[in-house]
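**Q** Pasting in a structure now, in structure tokens, and then I'll have a few things to ask.
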Number of protein chains: 2
Amino acid sequence: MAMLRRSVLVLVSLLLVGLGSLRADEGMWLLDQLEILPWKQMQKRGLKLKPEDIRRMSKAVVILDGGTAEFVSPNGLLLTNHHVAFGALQRVSTVEHNYIEEGFYAPTRADEIPVPGYSALVLQYYRDVTGRMLAGLSEDMDPQERFKTLERREKEIEDELENSGTGIRASVVSMYSGLKYYLFVYKEYKDVRLVYAPPRSIGEYGGDIDNWMWPRHTGDFSFVRVYMSPQGEPADYSEDNVPYQPDYFFPISNQGAQENGFTFILGYPGRTYRYRSSHAIDYSVNLYYPERLRQFKLLIQILEDLSKESEDYAIKLSGFIKGLNNVLKNNQGMLDGFRRLKLLDKKKQMEEQFREFLKAHSELNAQYGTVLDEIGELYKQQYATARKDLWLGILRFVRLPSLVYTAYRFEKEMQKPKEQRDPDFDEKQIQRLIRRTRYSARQYVREADRRIMAAVLKELTSLPADQQPRLVQEILKRYPDASPEEAVTRYVDELFSKSSIKTLEDALGLFDRPLNELSQSNDPMLEYARLVYPDFEEQRQQNEAFAAKINQLRSRYIRALFAWKGEKLYPDANRTIRFTYGDVRGYRPRDAVLYLPRTTLSGVVEKHTGQEPFNAPAKLLDLARSKDYGAYMDPALKDVPVNFLHTTDITGGNSGSPVLNGKGELIGCAFDGNYEAITSDYQFDPEITRTISVDSRYILFVLDKFSNARELLNELHIVGKEVSGTGE
Amino acid sequence: MAMLRRSVLVLVSLLLVGLGSLRADEGMWLLDQLEILPWKQMQKRGLKLKPEDIRRMSKAVVILDGGTAEFVSPNGLLLTNHHVAFGALQRVSTVEHNYIEEGFYAPTRADEIPVPGYSALVLQYYRDVTGRMLAGLSEDMDPQERFKTLERREKEIEDELENSGTGIRASVVSMYSGLKYYLFVYKEYKDVRLVYAPPRSIGEYGGDIDNWMWPRHTGDFSFVRVYMSPQGEPADYSEDNVPYQPDYFFPISNQGAQENGFTFILGYPGRTYRYRSSHAIDYSVNLYYPERLRQFKLLIQILEDLSKESEDYAIKLSGFIKGLNNVLKNNQGMLDGFRRLKLLDKKKQMEEQFREFLKAHSELNAQYGTVLDEIGELYKQQYATARKDLWLGILRFVRLPSLVYTAYRFEKEMQKPKEQRDPDFDEKQIQRLIRRTRYSARQYVREADRRIMAAVLKELTSLPADQQPRLVQEILKRYPDASPEEAVTRYVDELFSKSSIKTLEDALGLFDRPLNELSQSNDPMLEYARLVYPDFEEQRQQNEAFAAKINQLRSRYIRALFAWKGEKLYPDANRTIRFTYGDVRGYRPRDAVLYLPRTTLSGVVEKHTGQEPFNAPAKLLDLARSKDYGAYMDPALKDVPVNFLHTTDITGGNSGSPVLNGKGELIGCAFDGNYEAITSDYQFDPEITRTISVDSRYILFVLDKFSNARELLNELHIVGKEVSGTGE
């Protein structure tokens with residue numbers, strides 16, 4: 001008995017250790033690439049579908065706000081994440097009804113609440129437009145001219161289509177850093193209404209503490225409904241509108257995720273950087289992230305010191321500090337991840353092999369032999385000005401002077417012929433800026449501006465003289481007898497004390513004034529805007545030039561990778577629809593620790609402290625304690641499954657994506673990645689990269705047992721085991 | 001293939017989940033209880049020994065300082081924990097040689113360093129002395145008189161033996177709260193010399209952060225040698241001494257711990273409270289720990305505020321704050337553990353069943369039916385004065401007044417006839433106190449005393465008038481017009497400003513003075529001592545009375561438990577030798593997380609940050625990176641095992657105990673318990689209670705590959721697989 005158990009355990013621990021390396025489920029594949037995937041192997045692992053089936057299913061998957069959502073009924077019902085619908089919940093909540101805290105359920109259509117500003121993009125078709133985009137463009141032409149031509153052609157194609165019908169949204173996107181271009185055409189449905197959301201204590205259970213973490217116990221799901229005009233077209237909200245009829249919708253499985261079961265995902269991943277060179281990683285690890293951390297720590301220090309000085313400051317600055325801390329934590333996590341996973345070393349090793357390959361193929365070597373070195377050269381230039389660039393960038397956090405500068409620049413842009421203007425500086429964008437500024441004016445602390453500006457300028461004076469921005473040179477010239485530190489202090493003190501522009505509202509007033517008034521004013525704030533303008537202009541042009549050159553080099557590098565690796569490369573994520581597959585599997589986060597791939601309702605109780613973010617609703621706790629699991633118990637776990645891990649390859653933007661089993665039944669809704677693989681946007685590590693999804697049985701359990709959402713359950717097409725007696 | 005894997009995994013996950021409940025390896029058994037253990041089951045699990053064998057082996061296991069150690073050579077060589085030898089390392093370190101940081105190795109006996117003040121207690125024999133102890137004592141007699149009689153008889157028996165030969169140490173200990181008494185007779189060997197310790201970066205790897213934690217990677221072992229006089233008797237250090245020849249020593253296995261392998265431990269566990277009633281747990285959970293936490297937080301707050309005021313304070317108080325924080329963390333962990341594991345509920349349920357059992361047995365019910373209620377009554381009294389008692393206790397942290405009080409009390413005790421004196425107040429103890437005080441006088445901050453005293457007295461004024469200590473009543477009377485808070489402030493200010501006793505040295509001077517001088521002095525500090533004396537005396541008597549009564553009730557309760565559960569109950573740990581067994585097994589600390597039972601050298605590298613306490617020596621990292629594992633690789637792990645978990649039942653005092661396999665070969669050295677079972681001293685939970693031990697292969701690997709300790713390796717009796725080519 002003991003021996004049998006031991007040998008089984010040894011066998012299994014070998015399997016568990018070994019599983020990760022059996023296959024790498026890396027890849028966010030375009031739907032016209034499905035045929036190049038290892039279809040037979042996928043079928044062996046449980047896939048019962050053909051590429052056509054998957055392409056057909058993709059019609060049910062839409063872009064919703066910053067995430068992904070999928071149709072789950074013939075009447076326009078979308079399932080997505082709670083955190084994707086969070087903005088909608090905020091917008092429709094009132095003093096009487098805080099739907100974020102309470103949750104929401106509309107038993108009838110009349111109870112649904114329209115969400116202003118929310119829209120669903122339903123893909124109509126996509127096609128390769130590389131020919132039209134690149135026609136007549138050579139690789140030898142001036143990179144910036146080429147870049148601008150591509151921008152113009154992009155806009156032409158998009159405008160052409162968008163003008164062809166109402167609600168059409170077109171998007172030309174480059175694949176493989178400009179090696180190919182695809183056109184995606186959507187219809188934008190702006191009448192989206194809230195149908196169901198669990199209370200925050202389920203939908204956001206674990207909050208920021210559990211964010212990125214496993215084990216996870218979050219009911220991160222919600223439902224909205226898309227409406228169209230009675231004629232079947234996209235339309236703004238109207239009482240006359242009718243539910244949208246999707247071409248396809250997903251059945252929901254009451255079997256959920258099974259350990260080692262095959263899964264795939266369709267969704268809209270945002271951005272990845274998988275083909276970046278070691279030079280880019282080097283820059284991130286050894287300059288960008290460390291310097292960012294230094295910057296954010298300095299800002300946080302300044303703001304926290306200020307907060308100690310007065311209760312008023314503390315209240316006004318708390319949101320700002322929290323935001324900075326979040327970025328700091330993410331950047332620190334990224335940097336730690338880069339180092340822990342030795343990404344730079346891995347990239348270098350890979351590039352070494354790449355160079356070996358090229359050396360063995362003289363023709364390819366002639367074509368691509370220098371591409372990595374050329375990328376390296378470009379990054380060398382970035383390195384040279386990086387500290388100046390990063391610290392000038394921080395001047396944007398100095399709200400009042402920054403706003404004055406924007407007003408000045410806006411007037412300067414308006415002087416230019418329309419086609420030369422920065423497209424970000426149109427009237428609409430400025431109106432949005434003004435609204436945003438007014439909305440957040442209550443949080444403004446002038447003293448924070450003053451101290452941050454002084455600290456940033458001091459940092460800039462420490463640069464070698466030939467790297468100092470013109471602004472700093474001017475300041476040092478102005479106070480020739482003062483030390484650089486004194487000069488900066490005096491400049492900033494005068495700037496803030498002598499300017500008549502004291503409030504954000506004062507600065508907003510400048511957006512009405514003609515340029516010559518702004519150019520001739522003696523006000524120190526406007527003088528600051530004029531002083532910093534050439535520095536910012538130079539930086540912008542430099543960035544544009546870098547982008548143009550690096551894009552061209554990157555596309556050449558990827559072409560070389562194609563020659564090396566064959567055609568089976570997926571393009572980096574760019575917010576277009578992708579297919580990714582893998583199976584339900586745990587991982588070993590560290591020595592002697594095994595994360596099992598499924599969490600349970602008992603785990604929700606285990607984490608419950610009664611304090612946010614671990615404050616589960618009493619009714620949920622009661623259901624758990626009385627084991628009132630209904631039809632949603634997993635026979636192996638003897639519990640209701642809550643979240644699960646699988647090896648699919650996703651990123652931000654995928655939030656809310658359908659997780660499907662081999663038959664195409666929805667077994668979950670994807671909502672996060674795991675902390676150990678925080679750098680997966682740069683490199684996919686099959687041993688540790690996991691998607692975190694909410695199990696369909698938890699969704700059904702909450703709808704049924706917790707919310708008693710009969711009408712919604714009746715609308716869903718639930719498949720799997722026959723269920724009887726779950727109704728009440 | 002996928003199906004096979006799945007079914008194996010399901011099978012295994014069932015096994016893993018189920019294992020814990022198959023058998024409960026609870027129990028720290030007396031060596032004369034071995035015959036009542038389930039010997040057949042233990043043999044099935046891998047034990048090849050008989051009770052006789054184990055009793056013979058116990059001769060190799062000794063008490064060393066606060067821990068346990070075991071002979072591993074015929075020449076008095078002891079293996080123990082690094083943290084047990086830590087004090088020794090401190091004592092023998094010099095400015096030139098910091099053996100804590102560097103580690104130590106004596107290749108020859110001449111290189112060994114004597115450790116003053118260290119001694120090894122080698123057990124000679126033990127016997128049941130219940131008859132002599134309880135002769136003529138009835139249960140009905142006055143508890144305090146009974147208590148004092150027992151104390152006296154204990155001392156008689158011990159003195160008798162200790163006067164019978166040099167180096168004899170005798171100890172009468174009560175088992176089952178006085179139901180039985182055992183006499184243990186040791187020889188105390190005071191010539192102990194340091195032989196080997198790894199550097200702290202191995203022996204304490206992970207430090208406070210990893211303390212109590214799994215996964216663990218600590219090389220917590222060291223070696224010392226016991227010497228005796230040439231005549232074979234215990235002796236103080238002398239050059240003429242010769243190595244002690246133990247009756248038994250353990251061979252060391254080069255096979256280490258195997259997953260699910262049987263293990264047992266012999267050692268000297270300190271103290272457990274397994275038979276405490278729900279009333280005791282209630283008191284701990286609902287009064288004692290919460291109030292302690294409040295107290296410690298207050299003290300830490302005061303000291304941290306002070307530290308901010310000056311660098312000098314910060315330095316002087318840092319050790320004190322660190323110590324308080326450690327206790328705070330432990331108490332918080334305890335309280336969390338009590339609550340998480342619902343110990344109070346479990347005790348209550350158990351007692352409910354106990355009452356049911358009694359009700360069904362009228363004779364027993366007549367005898368024991370009220371015992372739990374009587375215990376409850378006693379605790380009710382404790383509750384009534386608990387806050388006063390706990391806060392009076394904190395006055396002991398106020399160093400200067402506390403020292404003055406001790407001087408006063410010492411003189412008071414000296415006035416009493418010798419046999420009535422508190423045995424803690426003899427000349428030797430006082431000399432030790434004086435030495436300790438002088439040693440730590442540099443850390444004294446008078447202002448800390450002042451603030452703590454004020455805070456404690458304020459707390460005491462908030463008690464109902466009839467609960468206030470006399471001291472507080474006197475203070476309030478003295479300043480009739482002041483609010484209680486002002487009164488306290490004024491009293492404390494005067495106490496510290498007007499007393500001529502300003503330094504600890506001033507207070508130490510009082511120990512020479514006659515009582516009448518102390519009794520008549522007008523100095524406010526001495527007045528304080530006289531004022532607080534009756535409060536402290538009353539408290540002491542009350543504690544004695546409680547101890548006497550509760551002991552008697554507890555022994556009655558345990559007798560009832562015997563009647564209920566049968567004779568197979570082990571007595572609570574009391575620093576006497578015990579046997580415990582179990583097997584190597586991981587656990588599930590929380591939902592979806594599985595802790596595997598063995599860590600590896602690669603895990604040491606994984607945790608290495610270069611910062612204390614995760615700063616592994618470069619040589620160790622090199623060995624790991626080059627996989628230079630020698631003969632110490634585990635075939636399943638393909639790595640050198642470092643630490644392992646097993647289900648044996650231990651507690652503080654067991655540190656350094658030998659971990660033995662079924663053949664009695666040493667496979668590890670026990671050094672910790674796991675955090676999830678922090679409350680295991682109160683209740684053993686087989687699902688989560690684990691011992692953490694260092695694997696014998698890591699010990700041998702470090703000796704061999706890291707330290708090249710040839711002579712030591714040659715002295716050890718290494719058994720298991722034939723090893724060739726590990727020499728260099």
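Just remember, in the structure tokens the first chain shown is A, the second B, etc., residues are 1-based per chain, and ligands are 1-based in the order shown.
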May I have the residues of chain B within 6 Å of chain A, counting only C-alpha atoms, written as a list in words?
**A**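 Here is what falls inside 6 Å: Asp591, Ala592, Val593, Leu594, Tyr595, Leu596, Thr599 and Gly603 of chain B.
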**Q** With DSSP run on the backbone, what are the alpha helix (DSSP H) residues within segment 186-216 of chain A? I'd like them as a VMD selection string.
**A** chain A and resid 200 to 203 207 to 210
**Q** Which is closest to Ala455 of chain A among A:Tyr587, A:Tyr182, A:Leu298, A:Arg442, if we use only C-alpha atoms?
**A**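 Answer, going by the shortest atom-to-atom distance: A:Leu298.
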**Q** Quick one: residues within 7 Å of segment 282-292 of chain B, only C-alpha atoms, excluding same-chain residues fewer than 6 positions away - as a PDB file with C-alpha atoms, in the first residue's frame?
**A**
ATOM      1  CA  ASN B 331       1.318  36.757  19.441  1.00  0.00           C
ATOM      2  CA  LEU B 335      -4.214  34.739  17.752  1.00  0.00           C
ATOM      3  CA  PHE B 338      -6.507  30.243  17.054  1.00  0.00           C
ATOM      4  CA  LEU B 344     -12.188  27.401  20.628  1.00  0.00           C
TER       5      LEU B 344
END
**Q** Which polymer residues have any atom within 12 Å of an atom of Asp140 of chain B, counting only C-alpha atoms, with same-chain residues fewer than 5 positions away left out, as number ranges by chain?
**A** B: 145-146, 549, 552-553, 556
**Q** Deliver the residues from the most recent selection as a file, using N, CA and C atoms, as a CSV table (one decimal), in the first residue's frame.
**A**
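This is the output file result.csv:
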chain,number,residue,atom,x,y,z
B,145,GLU,N,-1.6,24.4,50.2
B,145,GLU,CA,-0.8,23.6,51.1
B,145,GLU,C,-0.3,22.3,50.3
B,146,ARG,N,-1.1,21.7,49.5
B,146,ARG,CA,-0.8,20.6,48.7
B,146,ARG,C,0.4,21.0,47.8
B,549,LYS,N,-4.7,25.8,42.5
B,549,LYS,CA,-6.0,25.3,42.2
B,549,LYS,C,-6.2,24.7,40.8
B,552,GLN,N,-4.7,21.3,40.3
B,552,GLN,CA,-5.4,20.2,40.9
B,552,GLN,C,-6.6,19.8,40.0
B,553,LEU,N,-7.3,20.9,39.5
B,553,LEU,CA,-8.4,20.7,38.6
B,553,LEU,C,-8.0,20.0,37.3
B,556,ARG,N,-7.4,16.4,37.7
B,556,ARG,CA,-8.7,15.7,37.7
B,556,ARG,C,-9.3,15.5,36.3
**Q** Which residues are close to Lys380 of chain B, i.e. within 10 Å by only C-alpha atoms, leaving aside same-chain residues fewer than 6 positions away? Reply as a PyMOL selection string.
**A** chain B and resi 279+283+374+386
**Q** Output the selection as an mmCIF file, in the first residue's frame - N, CA, C and O atoms for each residue.
**A**
data_model
loop_
_atom_site.group_PDB
_atom_site.id
_atom_site.type_symbol
_atom_site.label_atom_id
_atom_site.label_comp_id
_atom_site.auth_asym_id
_atom_site.auth_seq_id
_atom_site.Cartn_x
_atom_site.Cartn_y
_atom_site.Cartn_z
ATOM 1 N N HIS B 279 -12.103 26.844 28.446
ATOM 2 C CA HIS B 279 -12.036 28.074 29.245
ATOM 3 C C HIS B 279 -10.668 28.726 29.102
ATOM 4 O O HIS B 279 -10.562 29.945 29.005
ATOM 5 N N TYR B 283 -9.930 32.282 27.299
ATOM 6 C CA TYR B 283 -9.154 33.334 27.954
ATOM 7 C C TYR B 283 -8.035 33.826 27.027
ATOM 8 O O TYR B 283 -7.825 35.032 26.871
ATOM 9 N N GLU B 374 -15.825 23.837 37.154
ATOM 10 C CA GLU B 374 -14.952 24.392 38.195
ATOM 11 C C GLU B 374 -13.766 25.136 37.573
ATOM 12 O O GLU B 374 -13.377 26.203 38.044
ATOM 13 N N ALA B 386 -7.892 40.404 35.154
ATOM 14 C CA ALA B 386 -6.878 40.205 34.107
ATOM 15 C C ALA B 386 -6.280 41.510 33.600
ATOM 16 O O ALA B 386 -5.064 41.619 33.449
#
**Q** Kindly give the distance, in Å, that separates atom CA of Ser318 of chain B and atom CA of Glu304 of chain B, rounded to a single decimal.
**A**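 Here the two named atoms are 8.8 Å from each other.
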**Q** If we count only C-alpha atoms and set the cut-off at 8 Å, which residues sit around segment 122-127 of chain B, ignoring sequence neighbours fewer than 5 positions away in its own chain? Please answer as a list in words.
**A**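 Those residues are Lys59, Val61, Val62, Ile63, Tyr182, Leu183, Phe184, Val185, Tyr186, Lys187, Glu188 and Tyr189 of chain B.
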**Q** Need the shell around segment 423-438 of chain B: protein/DNA/RNA residues with any atom at most 10 Å away, counting only C-alpha atoms. Skip same-chain ones fewer than 5 positions apart. Format as a ChimeraX atom specification?
**A** /B:399,403,406-407,409-411,413-414,418,443-444,504-505,507-509,511
**Q** Write a file of the selected residues as a PDB file, in the first residue's frame, keeping C-alpha atoms.
**A**
ATOM      1  CA  ARG B 399      13.646  49.575  33.709  1.00  0.00           C
ATOM      2  CA  LEU B 403      15.248  47.760  39.246  1.00  0.00           C
ATOM      3  CA  THR B 406      13.766  44.602  42.790  1.00  0.00           C
ATOM      4  CA  ALA B 407      16.465  45.952  45.117  1.00  0.00           C
ATOM      5  CA  ARG B 409      12.180  43.365  47.388  1.00  0.00           C
ATOM      6  CA  PHE B 410      15.517  41.607  47.588  1.00  0.00           C
ATOM      7  CA  GLU B 411      16.184  43.231  50.939  1.00  0.00           C
ATOM      8  CA  GLU B 413      13.216  38.665  51.115  1.00  0.00           C
ATOM      9  CA  MET B 414      16.539  38.625  52.909  1.00  0.00           C
ATOM     10  CA  LYS B 418      15.601  31.134  54.524  1.00  0.00           C
ATOM     11  CA  GLN B 443      20.858  50.844  25.672  1.00  0.00           C
ATOM     12  CA  TYR B 444      19.042  52.550  28.553  1.00  0.00           C
ATOM     13  CA  LEU B 504      20.764  52.025  36.295  1.00  0.00           C
ATOM     14  CA  GLU B 505      24.106  52.088  38.074  1.00  0.00           C
ATOM     15  CA  ALA B 507      19.840  51.625  41.199  1.00  0.00           C
ATOM     16  CA  LEU B 508      22.341  48.768  41.313  1.00  0.00           C
ATOM     17  CA  GLY B 509      24.004  50.571  44.212  1.00  0.00           C
ATOM     18  CA  PHE B 511      21.470  46.181  46.350  1.00  0.00           C
TER      19      PHE B 511
END
**Q** Measuring between only C-alpha atoms, which one of A:Thr691, A:Ser93, A:Gln420, A:Thr503 shows the shortest distance to Leu645 of chain A?
**A**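 Nearest candidate to Leu645 of chain A out of A:Thr691, A:Ser93, A:Gln420, A:Thr503: A:Thr691.
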**Q** Please indicate the distance in Å from atom CA of Asn81 of chain B to atom CA of Ile650 of chain B, rounded to one decimal place.
**A** 14.6 Å
